[in-house]
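> Before I ask anything, let me first share the structure, which is written out below as structure tokens.
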Amino acid sequence: MISTKDYSGIEPFREKVWLSSPTMHGDEMKYITEAYEMNWMSTVGENINAIEVEAAKYIGCSFAVALSCGTAALHLAVKLAGEEIYGKPRIGHGTLEGRHVFCSDMTFDATVNPIAYEGGIPVFIDTEYDTWNMDPVALEKAFEIYPEVKVVVIAHLYGTPGKIDEIREICDKHNAVIVEDAAESFGATYKGRQTGAFGKYNCISFNGNKIVTGSAGGMLLTNDIENADKVRKWSTQSREAASWYQHEELGYNYRMSNVIAGIVRGQIPYLEEHINQKRAVYERYRDGLKDLPVSMNPYDEKKSVPNFWLSCLIVDKEAMCQQVRGERDVLYISESGKSCPTEILEAISSINAEGRPVWKPMHMQPIYRLHGFVARGGSGCGGTNTYIKRSPLDAGADIFERGLCLPSDNKMSVKQQDRIIEVIKRCFG
């Protein structure tokens with residue numbers, strides 16, 4: 001449905017305002033050129049060496065391994081966790097074969113898919129409203145249902161740290177290993193400590209829309225040199241130390257290119273600048289929308305400092321117009337004084353700016369719909385063999401219903417953002 005609200009007088013942008021586009025500074029080209037001139041165009045070179053040292057030092061881990069993407073880092077992190085607990089599998093079998101693994105529910109599916117790569121069975125832990133991350137109460141409930149679980153994969157949504165202390169305490173009590181997906185939260189801190197340093201195996205991403213980018217790329221971080229060495233070996237097809245190509249275990253083509261590493265190397269010095277710019281975007285939205293029946297994606301100001309990668313809002317329940325989502329389509333009825341994410345996104349798009357819905361929770365995705373899901377009341381589907389009464393709307397599903405991601409590009413001008421704020425205000429007219 002098309003909105004009945006009046007957006008006249010709000011001029012569309014001549015050039016699109018993006019959700020979150022790369023911000024380049026020029027240093028990147030210096031390191032790319034260096035790789036070109038030295039002919040280090042493959043998966044070895046000074047750029048790779050440099051960013052591994054810099055990232056490990058910045059985050060506070062002993063070792064970093066540069067990989068082709070964040071998903072590759074997550075895959076090898078999950079593989080490490082599975083091998084540590086269950087031992088090496090036979091060829092053709094994953095390290096988590098047939099075993100349940102707890103995972104954040106409200107996240108991009110790259111957090112979850114590596115569990116499936118290793119033959120594991122994801123069980124999704126519902127979201128809490130305070131940070132939009134894994135709910136520790138639901139996690140404890142999940143251990144009551146699945147006491148055998150020994151691997152927990154947690155993500156920090158949109159650059160905001162979750163309740164790490166509570167999650168770690170629960171995992172320690174149940175002797176479970178944490179794999180930390182900090183793909184979206186590079187530079188964010190919890191109690192003064194960088195995300196990407198709280199799990200036994202940790203991952204960050206340098207994808208094209210991240211706060212620091214290589215156009216692609218990711219990194220695994222660990223405090224164990226043996227694990228770092230395993231990942232380096234696995235990521236280069238598990239070649240053994242022989243003068244010919246000798247292979248004794250399964251390998252992958254996951255190592256980062258020295259050219260991509262050059263872009264990352266040129267970006268890392270600007271991380272704090274990007275965070276400050278993203279924070280300013282978040283605060284302008286917060287202040288500009290304060291009189292509307294909406295609120296921004298929350299965080300605990302006493303414990304954490306997000307990197308503010310994406311600014312999001314959630315519409316108050318009583319201010320929601322009628323909205324119905326199918327698998328691929330959505331309908332809504334435009335109402336005076338009310339709005340919904342679909343109407344707001346259409347309004348933003350009408351002035352040539354990019355927003356998007358928040359991540360659809362994994363337990364609602366067709367590919368994972370029959371997998372276990374546990375909410376804080378114990379509600380949800382306990383898997384194919386167990387059924388526990390499900391709440392009408394779980395927290396993650398509720399945030400998905402009422403939330404959206406706003407244009408959060410750090411190159412957006414104040415005037416551009418003011419125009420976006422004005423069109424959002426009109427949605428509630």
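Letters for chains follow the order of the structure tokens (A, B, ...), residue numbers begin at 1 for each chain, and ligand numbers begin at 1 in the order shown.
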Identify all residues of stretch 51-242 of chain A in helix (DSSP H, G or I) (DSSP on the backbone) and supply them as a PyMOL selection string.
chain A and resi 51-59+70-86+109-111+113-117+136-145+157-159+164-173+225-234
> Would you kindly return, as a ChimeraX atom specification, each protein, DNA or RNA residue with an atom no farther than 9 Å from any atom of A:Tyr31, considering only C-alpha atoms and excluding same-chain residues fewer than 2 positions away?
/A:27-29,33-36,47,259,261-263,265-266
> Under the rule of at most 10 Å, produce a per-residue listing of stretch 254-279 of chain A near stretch 61-84 of chain A: chain, number, name, the closest pair of atoms, and the distance in Å, as JSON lines, using only C-alpha atoms.

```
{"residue": "A:Tyr254", "atom": "CA", "partner": "A:Ser68", "partner_atom": "CA", "distance": 5.1}
{"residue": "A:Arg255", "atom": "CA", "partner": "A:Leu67", "partner_atom": "CA", "distance": 4.3}
{"residue": "A:Met256", "atom": "CA", "partner": "A:Leu67", "partner_atom": "CA", "distance": 4.2}
{"residue": "A:Ser257", "atom": "CA", "partner": "A:Ser68", "partner_atom": "CA", "distance": 7.1}
{"residue": "A:Asn258", "atom": "CA", "partner": "A:Ala66", "partner_atom": "CA", "distance": 9.5}
{"residue": "A:Ile260", "atom": "CA", "partner": "A:Ser68", "partner_atom": "CA", "distance": 8.6}
{"residue": "A:Ala261", "atom": "CA", "partner": "A:Ala66", "partner_atom": "CA", "distance": 8.0}
```
> Could you please take those selected residues and save N, CA, C and O atoms as a JSON list (two decimals), in the first residue's frame?

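The result, stored in out.json:
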```json
[["chain", "number", "residue", "atom", "x", "y", "z"],
["A", 254, "TYR", "N", 40.51, -19.72, 2.47],
["A", 254, "TYR", "CA", 39.90, -18.66, 3.27],
["A", 254, "TYR", "C", 40.86, -17.51, 3.62],
["A", 254, "TYR", "O", 40.47, -16.60, 4.33],
["A", 255, "ARG", "N", 42.10, -17.55, 3.19],
["A", 255, "ARG", "CA", 43.05, -16.52, 3.61],
["A", 255, "ARG", "C", 42.76, -15.20, 2.92],
["A", 255, "ARG", "O", 42.32, -15.17, 1.76],
["A", 256, "MET", "N", 43.03, -14.11, 3.59],
["A", 256, "MET", "CA", 42.82, -12.79, 3.02],
["A", 256, "MET", "C", 43.88, -12.45, 1.99],
["A", 256, "MET", "O", 45.05, -12.81, 2.14],
["A", 257, "SER", "N", 43.49, -11.75, 0.96],
["A", 257, "SER", "CA", 44.43, -11.23, -0.04],
["A", 257, "SER", "C", 45.23, -10.07, 0.53],
["A", 257, "SER", "O", 44.70, -9.24, 1.29],
["A", 258, "ASN", "N", 46.50, -9.99, 0.14],
["A", 258, "ASN", "CA", 47.34, -8.87, 0.57],
["A", 258, "ASN", "C", 46.84, -7.53, 0.03],
["A", 258, "ASN", "O", 47.12, -6.48, 0.61],
["A", 260, "ILE", "N", 43.48, -6.77, -0.43],
["A", 260, "ILE", "CA", 42.38, -6.42, 0.47],
["A", 260, "ILE", "C", 42.93, -5.93, 1.81],
["A", 260, "ILE", "O", 42.45, -4.95, 2.38],
["A", 261, "ALA", "N", 43.97, -6.60, 2.29],
["A", 261, "ALA", "CA", 44.59, -6.19, 3.56],
["A", 261, "ALA", "C", 45.13, -4.78, 3.48],
["A", 261, "ALA", "O", 45.15, -4.06, 4.49]]
```
> Using only C-alpha atoms, which protein or nucleic acid residues come within 10 Å of A:Ile351? Drop anything in the same chain fewer than 2 positions from it, and give the result as a short mmCIF file (atom, residue, chain, number, x, y, z; two decimals) with N, CA and C atoms, in the first residue's frame.

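This went into selection.cif:
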```
data_model
loop_
_atom_site.label_atom_id
_atom_site.label_comp_id
_atom_site.auth_asym_id
_atom_site.auth_seq_id
_atom_site.Cartn_x
_atom_site.Cartn_y
_atom_site.Cartn_z
N TYR A 7 4.16 14.26 1.83
CA TYR A 7 5.60 14.53 1.87
C TYR A 7 5.99 15.67 0.93
N ILE A 10 9.35 18.24 0.52
CA ILE A 10 10.61 17.62 0.93
C ILE A 10 11.31 17.13 -0.34
N GLU A 11 12.31 17.85 -0.73
CA GLU A 11 12.99 17.57 -2.00
C GLU A 11 13.86 16.31 -1.90
N PRO A 12 13.73 15.40 -2.86
CA PRO A 12 14.59 14.21 -2.85
C PRO A 12 16.05 14.58 -3.02
N PHE A 13 16.93 13.77 -2.48
CA PHE A 13 18.36 14.00 -2.65
C PHE A 13 18.77 13.70 -4.08
N ARG A 14 19.65 14.52 -4.64
CA ARG A 14 20.15 14.26 -5.99
C ARG A 14 21.01 13.01 -6.02
N GLU A 15 21.84 12.85 -4.99
CA GLU A 15 22.65 11.65 -4.86
C GLU A 15 22.15 10.86 -3.67
N LYS A 16 22.06 9.56 -3.82
CA LYS A 16 21.47 8.71 -2.80
C LYS A 16 22.22 8.80 -1.47
N VAL A 17 21.48 8.86 -0.40
CA VAL A 17 22.04 8.76 0.94
C VAL A 17 21.95 7.30 1.34
N GLU A 346 9.32 3.41 3.13
CA GLU A 346 8.86 3.93 1.84
C GLU A 346 9.05 5.45 1.78
N ALA A 347 8.78 6.12 2.88
CA ALA A 347 8.94 7.58 2.92
C ALA A 347 10.40 7.97 2.75
N ILE A 348 11.28 7.25 3.44
CA ILE A 348 12.71 7.51 3.32
C ILE A 348 13.17 7.26 1.89
N SER A 349 12.70 6.18 1.31
CA SER A 349 13.08 5.85 -0.07
C SER A 349 12.58 6.90 -1.06
N ALA A 353 16.83 8.02 -0.09
CA ALA A 353 17.69 7.59 1.01
C ALA A 353 17.39 6.12 1.29
N GLU A 354 18.40 5.43 1.82
CA GLU A 354 18.30 4.00 2.03
C GLU A 354 18.16 3.63 3.50
N ARG A 419 16.52 16.43 6.78
CA ARG A 419 15.48 16.15 5.80
C ARG A 419 14.88 14.76 6.03
N ILE A 420 15.73 13.82 6.39
CA ILE A 420 15.23 12.47 6.70
C ILE A 420 14.37 12.50 7.95
N VAL A 423 10.90 13.85 7.09
CA VAL A 423 10.01 12.91 6.40
C VAL A 423 9.49 11.84 7.37
#
```
> When distances are computed from only C-alpha atoms, which of A:Pro306, A:Gly378, A:Gly199, A:Gly187 shows the smallest separation from A:Ile167?
A:Gly199
> Residues within 9 Å of A:Val151, please, as a list of chain:residue names. Count only C-alpha atoms; anything in the same chain fewer than 4 positions from it doesn't count.
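The neighbour list is A:Val78, A:Ala81, A:Gly82, A:Ile85, A:His100, A:Val101, A:Phe102, A:Cys103, A:Cys171, A:Asn175, A:Ala176, A:Val177, A:Ile178, A:Val179.
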> Quick one: residues within 8 Å of A:Arg402, only C-alpha atoms counted, chain neighbours fewer than 2 positions away excluded, as a count of residues only?
11
> Which of these residues is nearest to A:Arg356, using only C-alpha atoms: A:Ala397, A:Ile121, A:Ile115, A:Leu310?
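Among the listed residues, the smallest separation from A:Arg356 belongs to A:Leu310.
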> Name the residues in contact with A:Gly119 at a cut-off of 8 Å, using only C-alpha atoms, excluding same-chain residues fewer than 3 positions from it; report them as a ChimeraX atom specification.
/A:93-99,115-116
> A:His25: which residues within 12 Å, counting only C-alpha atoms, same-chain residues fewer than 4 positions away excluded, as a PyMOL selection string?
chain A and resi 29-31+212-213+263-271+273-274+411
